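Enquirer: Sharing target_12.cif below, mmCIF, C-alpha atoms:
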```
data_run
loop_
_atom_site.label_atom_id
_atom_site.label_comp_id
_atom_site.auth_asym_id
_atom_site.auth_seq_id
_atom_site.Cartn_x
_atom_site.Cartn_y
_atom_site.Cartn_z
CA MET A 61 0.00 0.00 0.00
CA ASN A 62 1.23 3.46 -0.85
CA PRO A 63 1.52 5.39 2.46
CA LYS A 64 0.43 8.59 0.74
CA THR A 65 -3.01 7.04 0.07
CA LEU A 66 -3.43 5.63 3.57
CA PRO A 67 -5.57 8.51 4.94
CA LEU A 68 -8.11 7.98 2.12
CA THR A 69 -8.05 4.20 2.66
CA LEU A 70 -8.75 4.63 6.38
CA ALA A 71 -11.60 7.00 5.63
CA LEU A 72 -13.26 4.52 3.27
CA ALA A 73 -12.78 1.68 5.74
CA ALA A 74 -14.33 3.71 8.55
CA THR A 75 -17.40 4.48 6.45
CA GLY A 76 -18.15 0.78 6.17
CA VAL A 77 -17.46 0.09 9.83
CA VAL A 78 -19.82 2.84 11.01
CA PHE A 79 -22.80 1.05 9.44
CA ALA A 80 -21.63 -2.47 10.31
CA LEU A 81 -21.07 -2.21 14.07
CA PRO A 82 -23.79 -2.05 16.71
CA ALA A 83 -23.90 1.00 18.94
CA GLN A 84 -22.49 0.26 22.40
CA ALA A 85 -21.52 2.97 24.82
CA ILE A 86 -17.94 2.92 26.11
CA GLU A 87 -16.19 5.13 28.62
CA ASP A 88 -14.43 8.16 27.26
CA ASP A 89 -10.73 8.32 28.15
CA ARG A 90 -9.44 11.80 28.85
CA PHE A 91 -5.81 10.67 28.81
CA THR A 92 -4.31 7.48 27.36
CA LEU A 93 -0.67 6.42 27.64
CA ARG A 94 0.82 3.38 25.88
CA LEU A 95 4.26 2.24 27.02
CA GLY A 96 5.90 -0.56 25.12
CA ALA A 97 8.67 -1.85 22.91
CA MET A 98 9.12 -2.64 19.25
CA GLN A 99 11.20 -5.47 17.81
CA VAL A 100 12.75 -3.66 14.86
CA ASP A 101 13.88 -5.28 11.64
CA ALA A 102 15.96 -2.61 9.87
CA GLN A 103 16.69 -2.68 6.15
CA SER A 104 19.09 -0.06 4.84
CA GLU A 105 20.49 1.11 1.55
CA LEU A 106 23.28 3.66 1.52
CA ARG A 107 23.94 5.36 -1.79
CA GLY A 108 26.09 8.24 -2.87
CA SER A 109 28.33 9.92 -5.37
CA THR A 110 31.78 11.32 -4.63
CA VAL A 111 35.41 11.15 -5.72
CA PHE A 112 37.24 7.97 -4.77
CA ALA A 113 41.00 7.54 -5.50
CA GLY A 114 40.89 10.56 -7.81
CA GLN A 115 37.99 9.26 -9.90
CA PRO A 116 34.24 9.96 -9.83
CA PHE A 117 32.44 7.13 -8.12
CA GLU A 118 28.85 6.20 -7.40
CA PHE A 119 27.78 3.46 -5.06
CA SER A 120 24.65 1.77 -3.75
CA GLU A 121 24.97 -0.88 -1.07
CA ASP A 122 22.39 -2.78 0.96
CA PHE A 123 23.24 -3.35 4.60
CA ASP A 124 21.84 -5.99 6.90
CA PHE A 125 22.16 -4.67 10.45
CA GLY A 126 22.54 -8.14 11.91
CA GLY A 127 19.26 -9.15 13.51
CA ASP A 128 16.39 -7.41 15.20
CA GLU A 129 16.78 -4.69 17.79
CA VAL A 130 14.31 -4.10 20.62
CA VAL A 131 13.70 -0.37 21.11
CA PRO A 132 11.36 1.60 23.40
CA ARG A 133 8.14 2.99 22.04
CA LEU A 134 5.91 5.63 23.61
CA GLU A 135 2.63 7.16 22.54
CA GLY A 136 -0.12 9.09 24.23
CA GLN A 137 -3.44 10.78 23.62
CA PHE A 138 -5.16 13.69 25.35
CA ARG A 139 -8.84 14.03 24.48
CA PHE A 140 -10.02 17.49 25.48
CA SER A 141 -13.46 17.34 23.86
CA GLU A 142 -15.68 14.87 22.02
CA ARG A 143 -13.99 15.32 18.64
CA ASN A 144 -10.69 16.97 19.53
CA ARG A 145 -7.49 15.18 20.56
CA LEU A 146 -3.77 15.78 20.88
CA LEU A 147 -1.57 12.77 20.09
CA PHE A 148 2.15 12.39 20.70
CA ASN A 149 4.69 9.59 20.17
CA TYR A 150 8.42 8.82 20.29
CA PHE A 151 10.60 6.22 18.56
CA GLY A 152 14.40 5.81 18.53
CA TYR A 153 16.84 3.47 16.76
CA ASP A 154 20.65 3.34 16.86
CA LYS A 155 22.77 0.52 15.44
CA ASP A 156 25.83 -0.10 13.29
CA ARG A 157 27.07 -2.98 11.16
CA ARG A 158 30.28 -4.04 9.41
CA ALA A 159 29.99 -5.78 6.04
CA THR A 160 32.55 -7.36 3.71
CA LEU A 161 32.06 -6.89 -0.02
CA GLY A 162 31.37 -10.24 -1.64
CA GLN A 163 32.41 -9.15 -5.13
CA ASP A 164 34.40 -6.45 -6.92
CA LEU A 165 32.75 -3.08 -7.39
CA SER A 166 33.97 -1.19 -10.48
CA PHE A 167 33.31 2.25 -11.89
CA ASP A 168 35.37 3.52 -14.86
CA ASN A 169 39.01 2.80 -13.90
CA VAL A 170 38.34 2.32 -10.18
CA THR A 171 37.86 -1.13 -8.68
CA ILE A 172 37.19 -1.91 -5.03
CA PRO A 173 38.11 -5.59 -4.70
CA ALA A 174 36.09 -8.29 -3.01
CA GLY A 175 37.14 -8.67 0.60
CA SER A 176 37.22 -4.92 1.24
CA PHE A 177 35.06 -3.92 4.17
CA ALA A 178 32.55 -1.18 4.82
CA LYS A 179 30.95 -0.05 8.05
CA ALA A 180 27.52 1.55 8.16
CA LYS A 181 25.70 3.24 11.01
CA ALA A 182 22.07 4.27 11.13
CA LYS A 183 20.54 6.46 13.81
CA PHE A 184 16.98 7.64 13.71
CA GLU A 185 14.85 9.50 16.26
CA LEU A 186 11.29 10.57 15.68
CA ALA A 187 8.89 12.51 17.91
CA SER A 188 5.62 14.13 16.94
CA VAL A 189 2.69 16.06 18.34
CA VAL A 190 -0.45 16.22 16.20
CA TYR A 191 -3.90 17.70 16.50
CA ASP A 192 -6.55 15.12 15.63
CA TYR A 193 -10.08 16.12 14.64
CA ALA A 194 -12.66 13.33 14.47
CA VAL A 195 -14.70 13.72 11.30
CA VAL A 196 -16.60 10.58 12.37
CA GLU A 197 -17.35 10.06 16.10
CA THR A 198 -19.83 7.42 17.30
CA ASP A 199 -20.00 5.20 20.37
CA THR A 200 -17.88 2.56 18.64
CA VAL A 201 -16.01 4.26 15.79
CA SER A 202 -13.78 7.32 15.53
CA LEU A 203 -12.07 8.54 12.38
CA GLY A 204 -9.66 11.43 12.80
CA LEU A 205 -7.70 13.60 10.40
CA GLN A 206 -4.36 14.85 11.73
CA LEU A 207 -2.14 17.89 11.36
CA GLY A 208 0.88 18.58 13.52
CA VAL A 209 4.62 18.91 13.81
CA GLU A 210 7.27 16.21 13.78
CA TYR A 211 10.85 16.28 15.00
CA ALA A 212 13.28 13.94 13.28
CA LYS A 213 16.97 13.31 13.79
CA LEU A 214 18.63 11.48 10.92
CA GLU A 215 22.16 10.19 10.89
CA GLY A 216 23.96 7.91 8.47
CA LYS A 217 27.64 7.02 8.33
CA LEU A 218 29.67 4.97 5.90
CA TYR A 219 33.34 4.01 6.09
CA ALA A 220 35.00 1.84 3.43
CA GLU A 221 38.60 0.70 3.07
CA SER A 222 40.43 -0.85 0.14
CA GLY A 223 44.20 -1.15 0.42
CA VAL A 224 45.64 2.32 0.98
CA ASN A 225 42.42 4.02 -0.11
CA THR A 226 39.69 4.90 2.36
CA TYR A 227 36.31 6.54 2.00
CA GLU A 228 34.36 8.08 4.84
CA SER A 229 31.13 10.00 4.69
CA ARG A 230 28.66 11.19 7.33
CA SER A 231 25.19 12.62 6.98
CA SER A 232 23.54 14.04 10.08
CA ASP A 233 20.84 16.59 10.71
CA ASP A 234 17.72 17.23 12.73
CA GLY A 235 14.79 19.53 12.31
CA TYR A 236 11.05 20.06 12.39
CA ALA A 237 8.40 19.79 9.71
CA PRO A 238 4.61 19.66 9.42
CA VAL A 239 3.08 16.20 9.28
CA VAL A 240 -0.33 15.05 8.04
CA GLY A 241 -2.11 11.82 8.85
CA ALA A 242 -5.25 9.89 9.70
CA ARG A 243 -6.44 7.66 12.54
CA LEU A 244 -9.13 4.99 12.78
CA THR A 245 -10.28 3.66 16.18
CA VAL A 246 -12.89 0.91 16.59
CA ALA A 247 -14.14 -0.08 20.06
CA PRO A 248 -16.94 -2.67 19.76
CA ASN A 249 -17.20 -3.01 23.56
CA GLU A 250 -15.59 -1.82 26.79
CA HIS A 251 -12.72 -4.34 26.58
CA TRP A 252 -11.45 -4.25 22.99
CA ARG A 253 -9.98 -1.45 20.89
CA PHE A 254 -8.50 -1.53 17.38
CA VAL A 255 -6.41 1.45 16.27
CA ALA A 256 -4.75 2.15 12.90
CA GLN A 257 -2.78 5.26 11.92
CA GLY A 258 -0.84 6.61 8.96
CA GLN A 259 1.34 9.74 8.73
CA TYR A 260 3.42 11.45 6.04
CA LEU A 261 6.12 14.15 6.11
CA ASP A 262 8.06 15.81 3.29
CA ALA A 263 11.49 17.15 4.26
CA SER A 264 10.98 20.21 2.06
CA TRP A 265 8.12 21.31 4.34
CA GLY A 266 10.48 21.93 7.27
CA ASN A 267 13.97 23.10 8.21
CA PHE A 268 16.07 20.06 7.30
CA ASP A 269 18.77 22.12 5.57
CA ASP A 270 20.21 20.20 2.59
CA TYR A 271 17.97 17.15 2.93
CA GLU A 272 15.51 16.13 0.24
CA GLY A 273 13.09 13.27 0.65
CA ASP A 274 10.19 12.06 2.76
CA LEU A 275 9.18 9.99 5.74
CA SER A 276 6.15 7.70 5.90
CA ARG A 277 4.72 5.74 8.81
CA ALA A 278 1.83 3.32 9.35
CA ASN A 279 0.87 1.19 12.36
CA ALA A 280 -1.99 -0.83 13.78
CA LEU A 281 -2.67 -2.32 17.20
CA VAL A 282 -5.19 -4.43 19.10
CA GLU A 283 -5.79 -3.54 22.75
CA TYR A 284 -7.54 -5.41 25.55
CA ARG A 285 -8.65 -3.53 28.68
CA PHE A 286 -8.75 -5.59 31.88
CA THR A 287 -10.31 -2.59 33.59
CA PRO A 288 -11.31 0.83 32.22
CA ASN A 289 -7.87 2.11 33.30
CA VAL A 290 -5.41 -0.73 32.54
CA GLY A 291 -4.84 -2.85 29.46
CA VAL A 292 -2.32 -4.51 27.15
CA PHE A 293 -1.77 -4.18 23.42
CA VAL A 294 0.01 -5.85 20.52
CA GLY A 295 0.50 -4.52 17.01
CA TYR A 296 2.78 -3.78 14.11
CA ASP A 297 4.68 -0.61 13.17
CA TRP A 298 6.35 0.42 9.89
CA PHE A 299 8.53 3.40 8.93
CA LYS A 300 10.19 4.38 5.67
CA LEU A 301 12.81 7.12 5.48
CA ASP A 302 14.17 8.04 2.03
CA VAL A 303 16.44 11.11 1.96
CA ASP A 304 19.43 12.56 0.15
CA GLN A 305 21.86 15.17 1.45
CA ARG A 306 24.10 17.28 -0.77
CA GLY A 307 27.47 18.42 0.50
CA SER A 308 30.71 19.86 -0.79
CA ASP A 309 32.14 16.37 -1.34
CA GLY A 310 29.12 14.76 -2.98
CA VAL A 311 25.70 13.31 -2.25
CA LEU A 312 24.88 10.77 0.45
CA GLY A 313 21.51 9.05 0.36
CA LEU A 314 19.80 6.84 2.92
CA ASP A 315 16.84 4.55 2.29
CA GLN A 316 16.01 3.21 5.74
CA ARG A 317 13.06 1.00 6.59
CA PHE A 318 11.98 -0.08 10.06
CA LYS A 319 9.28 -2.65 10.67
CA GLY A 320 8.28 -5.11 13.32
CA PRO A 321 5.85 -6.18 16.02
CA MET A 322 5.21 -4.12 19.12
CA ALA A 323 3.65 -4.81 22.52
CA GLY A 324 3.11 -3.01 25.78
CA VAL A 325 0.74 -1.79 28.47
CA THR A 326 -1.95 0.88 28.41
CA PHE A 327 -2.93 3.29 31.18
CA ALA A 328 -6.09 5.36 30.79
CA PHE A 329 -7.58 8.02 33.06
#
```
Would you write the structure of this file as structure tokens?
Expert:
Amino acid sequence: MNPKTLPLTLALAATGVVFALPAQAIEDDRFTLRLGAMQVDAQSELRGSTVFAGQPFEFSEDFDFGGDEVVPRLEGQFRFSERNRLLFNYFGYDKDRRATLGQDLSFDNVTIPAGSFAKAKAKFELASVVYDYAVVETDTVSLGLQLGVEYAKLEGKLYAESGVNTYESRSSDDGYAPVVGARLTVAPNEHWRFVAQGQYLDASWGNFDDYEGDLSRANALVEYRFTPNVGVFVGYDWFKLDVDQRGSDGVLGLDQRFKGPMAGVTFAF
């Protein structure tokens, strides 16, 4: 599914759910906090163009970051009226990996032989606060459209060595940008809740200096409330970061994808 079409998809899905579910009153939560962890499977592609050993060189290399990483995940919601909410969340990832080239890489008269090594590092932090207005609000279904601000810190490093030649490049920046999104919540009774969200950010909307690209996110969770105030949830989260940064020594690009299951506890007041 294209993340850019997710808000429309959620809206169409909610329309069908509104007419399909029976009306059952549930308690309104003024404040909801979900604390948990995500088991992240990271897939990375570093690409760039620069001068290597006196010759122009372009590269594109996939990196496996060596297994899943468990990272903290935090999200919350403050509902200050029937249709109006503030949502916030935080996600962070930091890992590096060393890889050995399995075959020669050649460009014009430059060859990096098999057996040369490269080290890659990916660091990504994301925090957002969005205003959510429910265009559909019933006893069992809520569909919200979102507009807010997102903070992102992006960092990518690559170091490669071949004989006496070395290549090192670093791309790092942080900034703010507007973000748009949509949310669908279904609560058929007082115990169960199903929540799906999608958000999109374009780096050109904010102050990310020399970065060009976008960031997309989609997630869904199922929650069970033991009491009106305490519950547990499981779900799945997905991010895609695709950016390029131009510098005096060339262009460094990062296509970074994070995906994996998540679980945690819910507190509502």
Enquirer: Return the single residue from A:Ala242, A:Val325, A:Ala102, A:Leu93 that is closest to A:Leu301, with distances computed using all atoms listed in the file.
Expert: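 Among the listed residues, the smallest separation from A:Leu301 belongs to A:Ala102.
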Enquirer: Could you tell me how far atom CA of A:Val239 lies from atom CA of A:Tyr193, in Å and to one decimal?
Expert: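 A separation of 14.2 Å between them.
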Enquirer: The PyMOL selection byres ((chain A and resi 91) around 8) - which residues does that actually catch in the file I just gave you? List them as a list in words.
Expert: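 Expected selection for the PyMOL selection byres ((chain A and resi 91) around 8) here is Asp89, Arg90, Thr92, Leu93, Gly136, Gln137, Phe138, Arg139, Ala328 and Phe329 of chain A.
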Enquirer: Quick check on the file I pasted: which residues fall under the PyMOL selection byres ((chain A and resi 293) around 6)? Write them as a list in words.
Expert: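 For this structure, the PyMOL selection byres ((chain A and resi 293) around 6) captures Val282, Glu283, Val292, Val294, Ala323 and Gly324 of chain A.
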Enquirer: List the residues selected by the PyMOL selection byres ((chain A and resi 245-262) around 7) in the file shown, writing them as a PyMOL selection string.
Expert: chain A and resi 64+66-67+84+86+200-203+238-244+263-265+273-286
Enquirer: Using only C-alpha atoms, find the one residue out of A:Val189, A:Thr326, A:Met98, A:Glu135 that sits nearest to A:Pro288.
Expert: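 That would be A:Thr326, the residue with the smallest distance to A:Pro288.
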Enquirer: Give the answer as one residue: which of A:Asp192, A:Glu185, A:Glu197, A:Asp101 has the shortest atom-to-atom distance to A:Glu142, using all atoms listed in the file?
Expert: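 Among the listed residues, the smallest separation from A:Glu142 belongs to A:Glu197.
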Enquirer: Kindly compute an axis-aligned box around the listed atoms of stretch 293-302 of chain A, allowing 5 Å on each side, and express its centre and edge lengths in Å to one decimal as AutoDock Vina command-line options.
Expert:
```
--center_x 6.2 --center_y 1.1 --center_z 12.7 --size_x 25.9 --size_y 23.9 --size_z 31.4
```
Enquirer: Quick check, in Å to one decimal: how far apart do atom CA of A:Gly204 and atom CA of A:Glu272 lie?
Expert: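 Between atom CA of A:Gly204 and atom CA of A:Glu272 the gap is 28.5 Å.
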Enquirer: Could you work out how far atom CA of A:Leu134 lies from atom CA of A:Asp154, giving the answer in Å with one decimal?
Expert: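 Rounded to one decimal, the two atoms are 16.4 Å apart.
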Enquirer: Could you give me, as JSON, numbers by chain, the residues that have an atom at most 6 Å away from the point (10.7, 3.7, 6.4) in the coordinates of the file, using only C-alpha atoms?
Expert: {"A": [299, 300, 301, 316, 317, 318]}
Enquirer: Point out the residue among A:Val209, A:Ala237, A:Val131, A:Met322 with the least atom-to-atom distance to A:Phe184, counting only C-alpha atoms.
Expert: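 Counting only C-alpha atoms, the residue closest to A:Phe184 is A:Val131.
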Enquirer: With distances taken over all atoms listed in the file, which residue among A:Asn149, A:Ser141, A:Asn289, A:Gln103 lies nearest A:Asp315?
Expert: A:Gln103
Enquirer: Using only C-alpha atoms, collect all residues at a distance of at most 6 Å from (5.9, 1.3, 25.6) as written in the file, then present them as a PyMOL selection string.
Expert: chain A and resi 94-97+132-134+324
